[in-house]
Amino acid sequence: MADNDDGMIDVHFHLIPQFYRDAVHEAGFMLATARYPKWSPQLALDLMDRRGIALAVASMIWPGTGFLPADQAAALARRCNDYAADLIVRHSARFGCFGLLPMHNMNAAVAEARYCLETLRLEGVGLFASYGERFLGDPFFDPLMCYLDAAKAVVHVHPAVHPSSRSLKLPWPGWLVEYVFDTTRAAVNLVFSGARERFPQIRFILSHAGGTLPYLAMRLELAPLIEASLGNLSGEGILAGLKSFWYDSALASGPQAMGALSRVAAKERIVFGGDWPFCDDRVVGEEIAAFTSPGLLARDAVEMIAWKNALALFPRRVVQFQ
């Protein structure tokens, strides 16, 4: 564990209110996992206390509101965000939250983002890497990106199971492999489309060490030399785009992923993520043990990942860790 009496900050932590679980099940939506795990505020606090997590910045889970018609999606997003705000009121030192947005149309998305950031004062918003066939970076999302850029918002990007993944003849659950590809595709689209440069003030946190971005970094860097249609890009600009992201360590805190990520991400932009409750107590323990194991990272790097880097994203929380 990092040397910090106040504990760690977990930026990849989930909310599953019972009313949300019921809505998804009633709609008959096919999940990325066999079923939603048990969740309650007390179960969350118990896990945090066992694993030395002082603050969890929680986000809603896939499929967000995408399984509902537009009007119902907006109403469910508002209910989830009000629930999150109430959770923070009841446990202000232990929870922060990323707001959930209805993404059927951008007017509704911007309105809910404004409510989350300006009225509820949540820590940021959560977006999925893809919505239907569209990935982040698509011009469809530009009105929302304009607002989030002006607000200098923190945006946690969580993968979805893209329609193309759902048609694959593979028996494995969607989260196992498809999730990391979804994040990778969105991040590449944000950089290669120019959206990352056009909206530089958004502080994107990519889940799971950016999917496969660390491994693909050289391939992406050299792409303009291979593909004539990418002549407007440069290898240096692509690497700068990758370094502009923040990366959470959920299911990627071991030597393999951390070794690659440390060559791509700025050291100040790697933050801890546990992915509870999809990663249960045992798995969260393994994740923490992996990045804090002797010899993997320098002591100051462990502390940066465990809590210090996150404070740059959430300055209102600095007083808790002084």
# chains A, B, ... in the order shown; residues from 1 in each chain; ligands from 1

call {"tool": "closest_atom_pairs", "arguments": {"of": "stretch 81-116 of chain A", "to": "stretch 146-168 of chain A", "cutoff": "8 Å", "atoms": "only C-alpha atoms", "output": "Markdown table"}}
result
| residue | atom | partner | partner_atom | distance |
| --- | --- | --- | --- | --- |
| A:Phe98 | CA | A:His156 | CA | 7.3 |
| A:Val110 | CA | A:Tyr147 | CA | 6.9 |
| A:Ala113 | CA | A:Leu148 | CA | 7.9 |

call {"tool": "select_by_dssp", "arguments": {"residues": "stretch 51-175 of chain A", "states": "helix (DSSP H, G or I)", "output": "ChimeraX atom specification"}}
result
/A:51,70-90,106-119,139-150,163-166

call {"tool": "write_last_selection", "arguments": {"atoms": "N, CA and C atoms", "output": "compact mmCIF listing (two decimals), in the first residue's frame"}}
result
# COMPACT_ATOMS: atom_id res chain seq x y z
N ARG A 51 -9.91 -2.43 1.68
CA ARG A 51 -8.82 -2.28 0.72
C ARG A 51 -8.12 -0.93 0.78
N ALA A 70 -35.67 7.81 -26.22
CA ALA A 70 -35.03 9.06 -25.82
C ALA A 70 -35.65 9.70 -24.59
N ASP A 71 -36.99 9.81 -24.54
CA ASP A 71 -37.63 10.50 -23.41
C ASP A 71 -37.42 9.73 -22.11
N GLN A 72 -37.52 8.41 -22.17
CA GLN A 72 -37.30 7.61 -20.97
C GLN A 72 -35.83 7.62 -20.56
N ALA A 73 -34.94 7.69 -21.54
CA ALA A 73 -33.51 7.73 -21.25
C ALA A 73 -33.15 8.97 -20.45
N ALA A 74 -33.69 10.11 -20.85
CA ALA A 74 -33.42 11.35 -20.13
C ALA A 74 -33.92 11.28 -18.70
N ALA A 75 -35.10 10.70 -18.51
CA ALA A 75 -35.65 10.60 -17.16
C ALA A 75 -34.82 9.66 -16.30
N LEU A 76 -34.34 8.55 -16.86
CA LEU A 76 -33.53 7.62 -16.08
C LEU A 76 -32.17 8.24 -15.74
N ALA A 77 -31.58 8.94 -16.68
CA ALA A 77 -30.31 9.61 -16.39
C ALA A 77 -30.46 10.60 -15.25
N ARG A 78 -31.53 11.38 -15.27
CA ARG A 78 -31.75 12.35 -14.20
C ARG A 78 -31.92 11.63 -12.85
N ARG A 79 -32.67 10.53 -12.84
CA ARG A 79 -32.86 9.80 -11.59
C ARG A 79 -31.53 9.24 -11.07
N CYS A 80 -30.71 8.72 -11.97
CA CYS A 80 -29.41 8.19 -11.55
C CYS A 80 -28.51 9.29 -11.01
N ASN A 81 -28.52 10.44 -11.65
CA ASN A 81 -27.66 11.54 -11.21
C ASN A 81 -28.12 12.12 -9.88
N ASP A 82 -29.41 12.22 -9.69
CA ASP A 82 -29.91 12.66 -8.39
C ASP A 82 -29.56 11.65 -7.29
N TYR A 83 -29.63 10.38 -7.64
CA TYR A 83 -29.24 9.34 -6.68
C TYR A 83 -27.76 9.50 -6.32
N ALA A 84 -26.92 9.73 -7.32
CA ALA A 84 -25.49 9.90 -7.07
C ALA A 84 -25.23 11.11 -6.18
N ALA A 85 -25.93 12.20 -6.46
CA ALA A 85 -25.74 13.41 -5.64
C ALA A 85 -26.16 13.17 -4.21
N ASP A 86 -27.24 12.43 -4.01
CA ASP A 86 -27.68 12.11 -2.65
C ASP A 86 -26.68 11.21 -1.94
N LEU A 87 -26.09 10.28 -2.68
CA LEU A 87 -25.06 9.42 -2.09
C LEU A 87 -23.88 10.25 -1.59
N ILE A 88 -23.49 11.25 -2.37
CA ILE A 88 -22.39 12.13 -1.95
C ILE A 88 -22.77 12.93 -0.72
N VAL A 89 -24.00 13.42 -0.66
CA VAL A 89 -24.45 14.17 0.52
C VAL A 89 -24.35 13.29 1.77
N ARG A 90 -24.76 12.04 1.64
CA ARG A 90 -24.77 11.13 2.80
C ARG A 90 -23.38 10.64 3.18
N MET A 106 -27.97 15.37 -28.76
CA MET A 106 -26.98 16.16 -28.03
C MET A 106 -27.59 17.29 -27.23
N ASN A 107 -28.76 17.75 -27.57
CA ASN A 107 -29.41 18.78 -26.75
C ASN A 107 -29.68 18.23 -25.35
N ALA A 108 -30.21 17.01 -25.30
CA ALA A 108 -30.48 16.38 -24.00
C ALA A 108 -29.19 16.08 -23.26
N ALA A 109 -28.16 15.66 -24.00
CA ALA A 109 -26.88 15.33 -23.37
C ALA A 109 -26.25 16.58 -22.75
N VAL A 110 -26.26 17.67 -23.49
CA VAL A 110 -25.68 18.92 -22.98
C VAL A 110 -26.46 19.41 -21.77
N ALA A 111 -27.77 19.34 -21.84
CA ALA A 111 -28.59 19.79 -20.71
C ALA A 111 -28.29 18.99 -19.46
N GLU A 112 -28.15 17.67 -19.60
CA GLU A 112 -27.87 16.85 -18.42
C GLU A 112 -26.44 17.03 -17.93
N ALA A 113 -25.50 17.24 -18.85
CA ALA A 113 -24.12 17.51 -18.44
C ALA A 113 -24.06 18.81 -17.64
N ARG A 114 -24.79 19.81 -18.10
CA ARG A 114 -24.83 21.09 -17.38
C ARG A 114 -25.43 20.89 -15.98
N TYR A 115 -26.48 20.10 -15.88
CA TYR A 115 -27.10 19.82 -14.59
C TYR A 115 -26.11 19.10 -13.66
N CYS A 116 -25.39 18.13 -14.21
CA CYS A 116 -24.43 17.37 -13.40
C CYS A 116 -23.30 18.25 -12.87
N LEU A 117 -22.75 19.09 -13.75
CA LEU A 117 -21.56 19.85 -13.39
C LEU A 117 -21.88 21.15 -12.67
N GLU A 118 -22.96 21.83 -13.05
CA GLU A 118 -23.23 23.15 -12.51
C GLU A 118 -24.23 23.15 -11.37
N THR A 119 -25.19 22.22 -11.38
CA THR A 119 -26.17 22.16 -10.30
C THR A 119 -25.77 21.15 -9.24
N PRO A 139 -18.27 13.41 -35.27
CA PRO A 139 -18.82 14.78 -35.23
C PRO A 139 -20.21 14.88 -34.60
N PHE A 140 -20.96 13.78 -34.58
CA PHE A 140 -22.27 13.79 -33.94
C PHE A 140 -22.19 14.30 -32.51
N PHE A 141 -21.09 14.00 -31.84
CA PHE A 141 -20.95 14.35 -30.43
C PHE A 141 -20.37 15.76 -30.21
N ASP A 142 -20.08 16.49 -31.26
CA ASP A 142 -19.39 17.78 -31.12
C ASP A 142 -20.11 18.78 -30.21
N PRO A 143 -21.44 18.91 -30.27
CA PRO A 143 -22.08 19.88 -29.36
C PRO A 143 -21.79 19.58 -27.88
N LEU A 144 -21.82 18.31 -27.52
CA LEU A 144 -21.49 17.94 -26.15
C LEU A 144 -20.02 18.20 -25.87
N MET A 145 -19.15 17.86 -26.80
CA MET A 145 -17.72 18.08 -26.60
C MET A 145 -17.41 19.56 -26.43
N CYS A 146 -18.12 20.41 -27.18
CA CYS A 146 -17.91 21.85 -27.04
C CYS A 146 -18.23 22.30 -25.61
N TYR A 147 -19.33 21.82 -25.07
CA TYR A 147 -19.69 22.19 -23.71
C TYR A 147 -18.67 21.65 -22.71
N LEU A 148 -18.31 20.38 -22.84
CA LEU A 148 -17.38 19.78 -21.89
C LEU A 148 -16.01 20.43 -21.97
N ASP A 149 -15.60 20.84 -23.16
CA ASP A 149 -14.31 21.52 -23.31
C ASP A 149 -14.34 22.87 -22.62
N ALA A 150 -15.42 23.63 -22.81
CA ALA A 150 -15.54 24.94 -22.16
C ALA A 150 -15.56 24.79 -20.64
N PRO A 163 -21.96 -3.09 -31.41
CA PRO A 163 -22.77 -4.04 -32.18
C PRO A 163 -21.96 -5.06 -32.97
N SER A 164 -20.81 -4.64 -33.50
CA SER A 164 -19.99 -5.58 -34.27
C SER A 164 -19.43 -6.69 -33.39
N SER A 165 -19.18 -6.38 -32.13
CA SER A 165 -18.68 -7.39 -31.21
C SER A 165 -19.76 -8.40 -30.84
N ARG A 166 -20.99 -7.91 -30.76
CA ARG A 166 -22.08 -8.79 -30.34
C ARG A 166 -22.40 -9.86 -31.37

call {"tool": "atom_distance", "arguments": {"atom1": "atom CA of A:Pro214", "atom2": "atom CA of A:Val180"}}
result
11.4 Å

call {"tool": "closest_residue", "arguments": {"among": "A:Glu123, A:Asp280, A:Glu236, A:Asp300", "to": "A:Tyr36", "atoms": "only C-alpha atoms"}}
result
A:Asp280

call {"tool": "residues_around", "arguments": {"residues": "A:Arg219", "least_positions_apart": "6", "cutoff": "10 Å", "atoms": "only C-alpha atoms", "output": "number ranges by chain"}}
result
A: 213, 226, 235

call {"tool": "write_last_selection", "arguments": {"atoms": "C-alpha atoms", "output": "mmCIF file, in the first residue's frame"}}
result
data_model
loop_
_atom_site.group_PDB
_atom_site.id
_atom_site.type_symbol
_atom_site.label_atom_id
_atom_site.label_comp_id
_atom_site.auth_asym_id
_atom_site.auth_seq_id
_atom_site.Cartn_x
_atom_site.Cartn_y
_atom_site.Cartn_z
ATOM 1 C CA LEU A 213 -3.327 1.601 -26.841
ATOM 2 C CA ILE A 226 2.211 3.826 -44.368
ATOM 3 C CA GLY A 235 3.891 10.471 -35.530
#

call {"tool": "residues_around", "arguments": {"residues": "A:Ala44", "least_positions_apart": "3", "cutoff": "10 Å", "atoms": "only C-alpha atoms", "output": "list in words"}}
result
Phe13, His14, Leu15, Lys38, Trp39, Ser40, Pro41, Leu47, Met48, Asp49, Ala56, Arg94, Phe95, Trp276 and Pro277 of chain A

call {"tool": "atom_distance", "arguments": {"atom1": "atom CA of A:Leu55", "atom2": "atom CA of A:Gln322"}}
result
13.8 Å

call {"tool": "select_by_dssp", "arguments": {"residues": "stretch 104-260 of chain A", "states": "strand (DSSP E)", "output": "short mmCIF file (atom, residue, chain, number, x, y, z; two decimals) with N, CA and C atoms, in the first residue's frame"}}
result
data_model
loop_
_atom_site.label_atom_id
_atom_site.label_comp_id
_atom_site.auth_asym_id
_atom_site.auth_seq_id
_atom_site.Cartn_x
_atom_site.Cartn_y
_atom_site.Cartn_z
N GLY A 124 -17.49 14.99 -12.51
CA GLY A 124 -17.35 14.97 -13.97
C GLY A 124 -18.51 14.21 -14.55
N VAL A 125 -18.34 13.75 -15.78
CA VAL A 125 -19.36 12.91 -16.41
C VAL A 125 -18.70 11.64 -16.91
N GLY A 126 -19.51 10.61 -17.03
CA GLY A 126 -19.06 9.36 -17.61
C GLY A 126 -19.61 9.20 -19.01
N LEU A 127 -18.77 8.82 -19.93
CA LEU A 127 -19.20 8.51 -21.29
C LEU A 127 -18.77 7.09 -21.64
N PHE A 128 -19.49 6.48 -22.56
CA PHE A 128 -19.06 5.19 -23.08
C PHE A 128 -18.26 5.42 -24.35
N SER A 130 -18.40 3.95 -27.11
CA SER A 130 -19.23 3.92 -28.31
C SER A 130 -20.71 3.95 -27.93
N TYR A 131 -21.49 4.49 -28.85
CA TYR A 131 -22.95 4.53 -28.73
C TYR A 131 -23.52 4.06 -30.06
N ARG A 134 -21.53 4.58 -33.43
CA ARG A 134 -20.63 5.72 -33.34
C ARG A 134 -19.65 5.61 -32.16
N PHE A 135 -18.40 6.01 -32.42
CA PHE A 135 -17.40 6.09 -31.37
C PHE A 135 -17.16 7.55 -31.00
N VAL A 154 -13.87 16.73 -16.44
CA VAL A 154 -13.27 15.40 -16.34
C VAL A 154 -14.29 14.41 -16.90
N VAL A 155 -13.85 13.58 -17.82
CA VAL A 155 -14.73 12.62 -18.49
C VAL A 155 -14.14 11.22 -18.36
N HIS A 156 -14.83 10.38 -17.63
CA HIS A 156 -14.39 8.99 -17.52
C HIS A 156 -14.98 8.20 -18.68
N VAL A 157 -14.12 7.56 -19.47
CA VAL A 157 -14.55 6.81 -20.65
C VAL A 157 -14.52 5.32 -20.32
N HIS A 158 -15.71 4.73 -20.38
CA HIS A 158 -15.83 3.29 -20.11
C HIS A 158 -16.23 2.59 -21.39
N ARG A 203 -10.62 16.54 -19.92
CA ARG A 203 -9.66 15.63 -19.29
C ARG A 203 -10.24 14.22 -19.33
N PHE A 204 -9.92 13.51 -20.40
CA PHE A 204 -10.42 12.15 -20.60
C PHE A 204 -9.62 11.15 -19.77
N ILE A 205 -10.32 10.31 -19.02
CA ILE A 205 -9.70 9.17 -18.36
C ILE A 205 -10.12 7.92 -19.12
N LEU A 206 -9.17 7.19 -19.66
CA LEU A 206 -9.47 5.97 -20.39
C LEU A 206 -9.41 4.77 -19.45
N TRP A 246 -5.65 10.63 -19.70
CA TRP A 246 -5.39 10.00 -18.42
C TRP A 246 -5.78 8.52 -18.57
N TYR A 247 -5.17 7.66 -17.77
CA TYR A 247 -5.40 6.23 -17.88
C TYR A 247 -5.65 5.65 -16.49
N ASP A 248 -6.74 4.86 -16.35
CA ASP A 248 -6.91 4.18 -15.07
C ASP A 248 -6.37 2.76 -15.15
#

call {"tool": "atom_distance", "arguments": {"atom1": "atom CA of A:Val24", "atom2": "atom CA of A:Ser59"}}
result
16.2 Å

call {"tool": "closest_residue", "arguments": {"among": "A:Arg196, A:His104, A:Lys169, A:His91", "to": "A:Leu45", "atoms": "only C-alpha atoms"}}
result
A:His91
